[in-house]
Amino acid sequence: MSDLVTGDAVVLGLRPARLPSRALAIFLDLLVYLTGYLLISIGLTLATASLDPAAQAAVSVASFLLVLVGIPIAVETLSHGRSLGKLACGLRVVRDDGGPIRFRHALVRGAMGVVELLATFGAIACIASLVSARGRRLGDVFAGALVVRERVPGARAMPVPPPPPWLAGRFSGLDLSAVPDGLWLAIRQYLTRMNQLDPQVGAAMAVRLADDLVARTGTPPPVGVPAPAFLMAVVHERQSRDAARAFGQGAPAYARPVTPVTPVTPVTPVTPVTPVTPVAPVAPVTPAAYVPPVMPVMPVVPAAAVVPPTAHAAPAVPAAPVEPVRRTGFVPPA
């Protein structure tokens, strides 16, 4: 395993390419370049048939340097270390610090390749690659470069390990909007391969990533929490939020406590209602003619009976008592 732990466009934990894969990549590159060189040489020979031998030799040397040295340097510079053979074998040339190579790195490798690969038919390159701990040839050593494996056969993405149970849900209120995607990628790559790194290198990188994360979020981790555990908890918190936004689901069980769901009581089916028979419309009632009320007839009182009122009524004089007539048997004369 390489000691590269960071770099531009280089995944953590990439393995250095060994002699078999590098030899196959170089063979494919040389096959393409030699084929092109032969075709160009035939064309130049026909085009320069009328020139003197010195001019033909100069053109031949120039075509050799252009096709077998200049084109490989240009291809590695423009493709950032991916030639045709390396692309087919899943290899790539990077700097010692993990960054993509530039023109000066490709120039040194190409110049040394003339001696290592073409002049000695690859003998020096094979010996240097076998002796080197990371499989580098002399051109890689002088250029400060390294050939690594970008595509590992049978490899698959490793999931981020879950955080400790006592950290589950402790960062639910953390603001993660200011954390860039590059920092998330570096944290994920470290967590998936931290068991493959040297313990001291892994611990130092975990502290550095945790400091960068705290600087972005503005919230320090709880006291006593290790840096790798803090990174695990924050990454899983972000994953749970992304899942909730994408699928509308709650957070995973390790991120938030699960509330038990109350069983729903089955609903009793409702008896269908008998349709109501429509009632025949009622004929409108014709209003009756208005009958005026009959006034009662007052009895007529005779005028003699009406006693006019007086201003001062005289007191009534009691009549003399009438002596009752005694009945006798004597009849008075007519």
# chains A, B, ... in the order shown; residues from 1 in each chain; ligands from 1
call {"tool": "residues_around", "arguments": {"residues": "region 77-87 of chain A", "least_positions_apart": "4", "cutoff": "9 Å", "atoms": "only C-alpha atoms", "output": "list in words"}}
result
Ser21, Arg22, Leu24, Ala25, Ile26, Phe27, Leu28, Asp29, Leu30, Val32, Pro72, Ile73, Leu91, Arg92, Val93, Val94, Pro100, Ile101, Arg102, Phe103, Arg104, His105, Ala106, Leu107 and Val147 of chain A
call {"tool": "atom_distance", "arguments": {"atom1": "CA of Pro163 (chain A)", "atom2": "CA of Met232 (chain A)"}}
result
5.0 Å
call {"tool": "residues_around", "arguments": {"residues": "region 65-70 of chain A", "least_positions_apart": "5", "cutoff": "12 Å", "atoms": "only C-alpha atoms", "output": "NGL selection string"}}
result
:A and (29-41 or 58-60 or 75-77 or 103 or 106-115 or 117-118)
call {"tool": "select_by_dssp", "arguments": {"residues": "region 74-165 of chain A", "states": "alpha helix (DSSP H)", "output": "VMD selection string"}}
result
chain A and resid 74 to 78 84 to 89 103 to 113 123 to 131 138 to 143
call {"tool": "select_by_dssp", "arguments": {"residues": "region 26-232 of chain A", "states": "strand (DSSP E)", "output": "ChimeraX atom specification"}}
result
/A:91-95,145-149
call {"tool": "closest_residue", "arguments": {"among": "A:Ala88, A:Ile124, A:Val207, A:Ala49", "to": "Glu150 (chain A)", "atoms": "only C-alpha atoms"}}
result
A:Ala88
call {"tool": "residues_around", "arguments": {"residues": "Ala128 (chain A)", "least_positions_apart": "5", "cutoff": "8 Å", "atoms": "only C-alpha atoms", "output": "list of chain:residue names"}}
result
A:Gly135, A:Arg136, A:Arg137, A:Leu138
call {"tool": "residues_around", "arguments": {"residues": "Pro226 (chain A)", "least_positions_apart": "6", "cutoff": "10 Å", "atoms": "only C-alpha atoms", "output": "PyMOL selection string"}}
result
chain A and resi 203+206-207+210
call {"tool": "atom_distance", "arguments": {"atom1": "CA of Asp212 (chain A)", "atom2": "CA of Leu176 (chain A)"}}
result
12.3 Å
call {"tool": "closest_residue", "arguments": {"among": "A:Arg241, A:Pro165, A:Asp96, A:Leu44", "to": "Arg134 (chain A)", "atoms": "only C-alpha atoms"}}
result
A:Asp96
call {"tool": "decode", "arguments": {"residues": "region 24-115 of chain A", "atoms": "C-alpha atoms", "output": "PDB file, in the first residue's frame"}}
result
ATOM      1  CA  LEU A  24       2.119  -4.451 -20.221  1.00  0.00           C
ATOM      2  CA  ALA A  25       1.275  -0.739 -20.323  1.00  0.00           C
ATOM      3  CA  ILE A  26       4.673   0.149 -21.811  1.00  0.00           C
ATOM      4  CA  PHE A  27       4.336  -2.645 -24.386  1.00  0.00           C
ATOM      5  CA  LEU A  28       0.949  -1.281 -25.513  1.00  0.00           C
ATOM      6  CA  ASP A  29       2.322   2.256 -25.719  1.00  0.00           C
ATOM      7  CA  LEU A  30       5.385   1.184 -27.693  1.00  0.00           C
ATOM      8  CA  LEU A  31       3.236  -0.862 -30.048  1.00  0.00           C
ATOM      9  CA  VAL A  32       1.152   2.193 -30.884  1.00  0.00           C
ATOM     10  CA  TYR A  33       4.141   4.541 -31.156  1.00  0.00           C
ATOM     11  CA  LEU A  34       6.240   2.147 -33.269  1.00  0.00           C
ATOM     12  CA  THR A  35       3.355   1.570 -35.631  1.00  0.00           C
ATOM     13  CA  GLY A  36       2.976   5.303 -36.064  1.00  0.00           C
ATOM     14  CA  TYR A  37       6.728   5.715 -36.465  1.00  0.00           C
ATOM     15  CA  LEU A  38       6.899   3.097 -39.224  1.00  0.00           C
ATOM     16  CA  LEU A  39       4.056   4.702 -41.149  1.00  0.00           C
ATOM     17  CA  ILE A  40       5.606   8.157 -40.829  1.00  0.00           C
ATOM     18  CA  SER A  41       9.048   6.803 -41.778  1.00  0.00           C
ATOM     19  CA  ILE A  42       7.690   5.239 -44.956  1.00  0.00           C
ATOM     20  CA  GLY A  43       5.996   8.477 -45.894  1.00  0.00           C
ATOM     21  CA  LEU A  44       9.096  10.544 -45.170  1.00  0.00           C
ATOM     22  CA  THR A  45      11.319   8.134 -47.132  1.00  0.00           C
ATOM     23  CA  LEU A  46       9.157   8.541 -50.204  1.00  0.00           C
ATOM     24  CA  ALA A  47       8.980  12.299 -49.705  1.00  0.00           C
ATOM     25  CA  THR A  48      12.740  12.758 -49.199  1.00  0.00           C
ATOM     26  CA  ALA A  49      13.990  10.373 -51.909  1.00  0.00           C
ATOM     27  CA  SER A  50      15.436  13.239 -53.900  1.00  0.00           C
ATOM     28  CA  LEU A  51      17.442  14.641 -50.963  1.00  0.00           C
ATOM     29  CA  ASP A  52      21.009  13.807 -50.107  1.00  0.00           C
ATOM     30  CA  PRO A  53      21.789  11.106 -47.461  1.00  0.00           C
ATOM     31  CA  ALA A  54      22.629  13.658 -44.748  1.00  0.00           C
ATOM     32  CA  ALA A  55      19.224  15.333 -45.091  1.00  0.00           C
ATOM     33  CA  GLN A  56      17.490  11.971 -45.058  1.00  0.00           C
ATOM     34  CA  ALA A  57      19.343  11.013 -41.854  1.00  0.00           C
ATOM     35  CA  ALA A  58      18.394  14.305 -40.190  1.00  0.00           C
ATOM     36  CA  VAL A  59      14.748  13.820 -41.124  1.00  0.00           C
ATOM     37  CA  SER A  60      14.859  10.253 -39.821  1.00  0.00           C
ATOM     38  CA  VAL A  61      16.347  11.320 -36.474  1.00  0.00           C
ATOM     39  CA  ALA A  62      13.823  14.138 -36.145  1.00  0.00           C
ATOM     40  CA  SER A  63      10.918  11.792 -36.858  1.00  0.00           C
ATOM     41  CA  PHE A  64      12.304   9.309 -34.325  1.00  0.00           C
ATOM     42  CA  LEU A  65      12.526  11.922 -31.568  1.00  0.00           C
ATOM     43  CA  LEU A  66       9.143  13.348 -32.465  1.00  0.00           C
ATOM     44  CA  VAL A  67       7.215  10.079 -32.504  1.00  0.00           C
ATOM     45  CA  LEU A  68       8.973   8.061 -29.787  1.00  0.00           C
ATOM     46  CA  VAL A  69       9.890  10.908 -27.408  1.00  0.00           C
ATOM     47  CA  GLY A  70       7.882  14.026 -28.166  1.00  0.00           C
ATOM     48  CA  ILE A  71       4.453  12.414 -28.588  1.00  0.00           C
ATOM     49  CA  PRO A  72       4.681  10.339 -25.333  1.00  0.00           C
ATOM     50  CA  ILE A  73       5.690  13.483 -23.427  1.00  0.00           C
ATOM     51  CA  ALA A  74       2.810  15.454 -24.902  1.00  0.00           C
ATOM     52  CA  VAL A  75       0.318  12.655 -24.206  1.00  0.00           C
ATOM     53  CA  GLU A  76       1.346  12.290 -20.542  1.00  0.00           C
ATOM     54  CA  THR A  77       1.292  16.068 -20.034  1.00  0.00           C
ATOM     55  CA  LEU A  78      -2.133  16.632 -21.580  1.00  0.00           C
ATOM     56  CA  SER A  79      -3.723  13.535 -20.031  1.00  0.00           C
ATOM     57  CA  HIS A  80      -2.133  14.114 -16.576  1.00  0.00           C
ATOM     58  CA  GLY A  81      -0.248  10.835 -16.619  1.00  0.00           C
ATOM     59  CA  ARG A  82      -2.675   8.622 -18.538  1.00  0.00           C
ATOM     60  CA  SER A  83      -1.233   7.255 -21.762  1.00  0.00           C
ATOM     61  CA  LEU A  84      -3.103   4.724 -23.895  1.00  0.00           C
ATOM     62  CA  GLY A  85      -1.353   1.722 -22.351  1.00  0.00           C
ATOM     63  CA  LYS A  86      -1.747   3.025 -18.802  1.00  0.00           C
ATOM     64  CA  LEU A  87      -5.394   3.838 -19.394  1.00  0.00           C
ATOM     65  CA  ALA A  88      -5.993   0.288 -20.635  1.00  0.00           C
ATOM     66  CA  CYS A  89      -4.234  -1.206 -17.587  1.00  0.00           C
ATOM     67  CA  GLY A  90      -5.792   1.148 -15.040  1.00  0.00           C
ATOM     68  CA  LEU A  91      -2.536   2.965 -14.217  1.00  0.00           C
ATOM     69  CA  ARG A  92      -1.607   6.603 -13.815  1.00  0.00           C
ATOM     70  CA  VAL A  93       1.547   8.662 -13.273  1.00  0.00           C
ATOM     71  CA  VAL A  94       1.392  11.094 -10.317  1.00  0.00           C
ATOM     72  CA  ARG A  95       3.880  13.193  -8.373  1.00  0.00           C
ATOM     73  CA  ASP A  96       5.405  12.028  -5.115  1.00  0.00           C
ATOM     74  CA  ASP A  97       2.956  14.230  -3.221  1.00  0.00           C
ATOM     75  CA  GLY A  98       0.013  12.719  -5.068  1.00  0.00           C
ATOM     76  CA  GLY A  99      -0.679  15.568  -7.492  1.00  0.00           C
ATOM     77  CA  PRO A 100      -0.920  15.292 -11.282  1.00  0.00           C
ATOM     78  CA  ILE A 101       2.329  15.491 -13.220  1.00  0.00           C
ATOM     79  CA  ARG A 102       3.301  18.473 -15.366  1.00  0.00           C
ATOM     80  CA  PHE A 103       5.460  19.013 -18.420  1.00  0.00           C
ATOM     81  CA  ARG A 104       8.775  18.904 -16.578  1.00  0.00           C
ATOM     82  CA  HIS A 105       7.929  15.534 -14.998  1.00  0.00           C
ATOM     83  CA  ALA A 106       6.868  14.081 -18.334  1.00  0.00           C
ATOM     84  CA  LEU A 107       9.991  15.514 -20.012  1.00  0.00           C
ATOM     85  CA  VAL A 108      12.382  13.859 -17.521  1.00  0.00           C
ATOM     86  CA  ARG A 109      10.538  10.541 -17.751  1.00  0.00           C
ATOM     87  CA  GLY A 110      10.568  10.657 -21.542  1.00  0.00           C
ATOM     88  CA  ALA A 111      14.258  11.547 -21.748  1.00  0.00           C
ATOM     89  CA  MET A 112      15.229   8.772 -19.342  1.00  0.00           C
ATOM     90  CA  GLY A 113      12.924   6.388 -21.191  1.00  0.00           C
ATOM     91  CA  VAL A 114      15.109   6.637 -24.281  1.00  0.00           C
ATOM     92  CA  VAL A 115      17.975   5.101 -22.313  1.00  0.00           C
TER      93      VAL A 115
END
